[in-house]
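Source file: model_31.cif; contents: mmCIF, C-alpha atoms.
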```cif
data_entry
#
loop_
_atom_site.group_PDB
_atom_site.id
_atom_site.type_symbol
_atom_site.label_atom_id
_atom_site.label_comp_id
_atom_site.auth_asym_id
_atom_site.auth_seq_id
_atom_site.Cartn_x
_atom_site.Cartn_y
_atom_site.Cartn_z
ATOM 1 C CA MET V 8 78.540 139.453 114.538
ATOM 2 C CA THR V 9 75.894 137.923 116.771
ATOM 3 C CA LEU V 10 74.681 135.651 113.992
ATOM 4 C CA LEU V 11 78.089 134.010 113.843
ATOM 5 C CA MET V 12 78.205 133.213 117.562
ATOM 6 C CA GLY V 13 77.995 129.490 117.998
ATOM 7 C CA VAL V 14 76.702 128.062 121.218
ATOM 8 C CA THR V 15 78.873 125.065 121.997
ATOM 9 C CA MET V 16 76.967 124.200 125.156
ATOM 10 C CA GLY V 17 74.030 123.214 123.026
ATOM 11 C CA PHE V 18 70.451 122.244 123.640
ATOM 12 C CA LEU V 19 71.179 119.155 125.736
ATOM 13 C CA ALA V 20 73.484 121.003 128.107
ATOM 14 C CA PHE V 21 70.846 123.672 128.697
ATOM 15 C CA LEU V 22 68.206 120.988 129.155
ATOM 16 C CA LEU V 23 70.351 119.100 131.653
ATOM 17 C CA ILE V 24 71.232 122.215 133.656
ATOM 18 C CA GLY V 25 67.620 123.409 133.685
ATOM 19 C CA GLY V 26 66.227 119.997 134.578
ATOM 20 C CA VAL V 27 68.637 119.431 137.437
ATOM 21 C CA SER V 28 68.142 122.909 138.852
ATOM 22 C CA GLY V 29 64.350 122.642 138.575
ATOM 23 C CA ALA V 30 64.365 119.231 140.245
ATOM 24 C CA SER V 31 66.661 120.372 143.040
ATOM 25 C CA ALA V 32 64.608 123.507 143.628
ATOM 26 C CA TRP V 33 61.451 121.417 143.849
ATOM 27 C CA ILE V 34 63.083 118.988 146.296
ATOM 28 C CA PHE V 35 64.701 121.613 148.544
ATOM 29 C CA TYR V 36 61.552 123.733 148.888
ATOM 30 C CA PRO V 37 59.092 121.330 150.487
ATOM 31 C CA GLY V 38 55.522 122.380 151.035
ATOM 32 C CA SER V 39 51.952 121.348 150.526
ATOM 33 C CA SER V 40 50.197 122.015 147.280
ATOM 34 C CA SER V 41 46.686 121.103 146.226
ATOM 35 C CA THR V 42 47.484 121.026 142.511
ATOM 36 C CA PRO V 43 49.251 118.147 140.759
ATOM 37 C CA LYS V 44 52.958 118.274 141.501
ATOM 38 C CA LEU V 45 54.213 116.765 138.250
ATOM 39 C CA GLY V 46 53.060 119.702 136.145
ATOM 40 C CA LYS V 47 54.782 122.260 138.335
ATOM 41 C CA PHE V 48 57.909 120.101 138.470
ATOM 42 C CA ILE V 49 58.051 120.022 134.669
ATOM 43 C CA LEU V 50 57.378 123.764 134.528
ATOM 44 C CA ALA V 51 60.208 124.453 137.004
ATOM 45 C CA SER V 52 62.563 122.371 134.866
ATOM 46 C CA PHE V 53 61.443 124.153 131.696
ATOM 47 C CA LEU V 54 61.917 127.580 133.282
ATOM 48 C CA GLY V 55 65.407 126.524 134.366
ATOM 49 C CA PHE V 56 66.154 125.509 130.781
ATOM 50 C CA ILE V 57 64.937 128.848 129.447
ATOM 51 C CA ALA V 58 66.970 130.769 132.043
ATOM 52 C CA ALA V 59 70.158 128.822 131.248
ATOM 53 C CA ALA V 60 69.774 129.385 127.519
ATOM 54 C CA ALA V 61 68.893 133.057 127.965
ATOM 55 C CA SER V 62 71.862 133.754 130.225
ATOM 56 C CA SER V 63 74.193 132.116 127.716
ATOM 57 C CA TYR V 64 72.838 134.014 124.740
ATOM 58 C CA LEU V 65 72.688 137.346 126.577
ATOM 59 C CA GLY V 66 76.190 136.967 127.974
ATOM 60 C CA GLN V 67 77.535 136.292 124.505
ATOM 61 C CA TYR V 68 75.552 139.160 123.033
ATOM 62 C CA PHE V 69 76.863 141.681 125.561
ATOM 63 C CA GLY V 70 80.411 140.378 125.216
ATOM 64 C CA LEU V 71 80.831 139.082 128.755
ATOM 65 C CA PHE V 72 82.142 135.733 127.551
ATOM 66 C CA GLN V 73 82.527 133.635 124.440
ATOM 67 C CA SER V 74 80.873 130.337 123.724
ATOM 68 C CA GLY V 75 82.279 127.466 125.755
ATOM 69 C CA GLN V 76 84.020 129.503 128.445
ATOM 70 C CA MET V 77 83.683 128.630 132.107
ATOM 71 C CA LEU V 78 81.816 131.854 132.890
ATOM 72 C CA GLU V 79 79.103 130.768 130.461
ATOM 73 C CA TRP V 80 78.556 127.576 132.438
ATOM 74 C CA VAL V 81 78.565 129.423 135.757
ATOM 75 C CA SER V 82 76.073 132.013 134.554
ATOM 76 C CA ALA V 83 73.790 129.338 133.107
ATOM 77 C CA ILE V 84 73.817 127.345 136.345
ATOM 78 C CA PHE V 85 73.292 130.424 138.510
ATOM 79 C CA ALA V 86 70.443 131.781 136.376
ATOM 80 C CA SER V 87 68.606 128.455 136.192
ATOM 81 C CA CYS V 88 68.947 127.847 139.944
ATOM 82 C CA LEU V 89 67.733 131.353 140.717
ATOM 83 C CA VAL V 90 64.699 131.089 138.440
ATOM 84 C CA GLY V 91 63.897 127.570 139.680
ATOM 85 C CA CYS V 92 64.056 128.617 143.328
ATOM 86 C CA VAL V 93 61.950 131.745 142.801
ATOM 87 C CA PHE V 94 59.300 129.846 140.843
ATOM 88 C CA THR V 95 59.175 126.998 143.351
ATOM 89 C CA ALA V 96 58.925 129.380 146.298
ATOM 90 C CA LEU V 97 56.062 131.235 144.629
ATOM 91 C CA ALA V 98 54.288 128.094 143.395
ATOM 92 C CA LYS V 99 54.130 126.424 146.796
#
```
Entire entry expressed as structure tokens:
Amino acid sequence: MTLLMGVTMGFLAFLLIGGVSGASAWIFYPGSSSTPKLGKFILASFLGFIAAAASSYLGQYFGLFQSGQMLEWVSAIFASCLVGCVFTALAK
């Protein structure tokens, strides 16, 4: 059953959600850092991407929603924002 689940959001949607949430988390949590900021910015965006994809796949696996439903988008946005904010708060 889970092998037949198609993810209609796709790679680019997850990448866009994760990138925007990582960028916004990095902007809204200002602070000084002695390490290069570009690397942590890219890492925050990548972690947002992973969180969005994971929330979509896990929600479909547990039967909370089907692919393409609004709850899938909401869970992906919430998960990527949460992970981006936690990482940025800990990194700075």
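Proximity ranking of V:Phe53, V:Gly75, V:Gly91, V:Leu97 relative to Ile34 of chain V places V:Gly91 first, based on all atoms listed in the file.
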- Counting all atoms listed in the file, figure out which residue out of V:Leu50, V:Ala59, V:Val93, V:Ala30 gets nearest to Val81 of chain V. V:Ala59
- Item | Selection as a ChimeraX atom specification: residues within 10 Å of (72.0, 133.2, 128.3), counting all atoms listed in the file | /V:14,21,56-68,79-80,82-83,86-87
- Task: Might you spell out which residues the PyMOL selection byres ((chain V and resi 95) around 7) would select in the displayed file, as a list in words?
- Result: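 Answer for the PyMOL selection byres ((chain V and resi 95) around 7): Ala32, Trp33, Tyr36, Ala51, Gly91, Cys92, Val93, Phe94, Ala96, Leu97, Ala98 and Lys99 of chain V.
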- Mind giving me the straight-line distance from atom CA of Leu89 of chain V to atom CA of Gly70 of chain V in Å, one decimal?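 Taking atom CA of Leu89 of chain V as the start and atom CA of Gly70 of chain V as the end point, the length is 22.0 Å.
Taking atom CA of Cys88 of chain V and atom CA of Gly55 of chain V as endpoints, the distance between them is 6.7 Å.
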- The residue from V:Leu54, V:Leu71, V:Ile84, V:Leu78 with the smallest atom-to-atom distance to Ile24 of chain V, counting all atoms listed in the file, is V:Ile84
- Find the distance between atom CA of Phe72 of chain V and atom CA of Gly26 of chain V and write it in Å to one decimal.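 These two atoms are separated by 23.5 Å.
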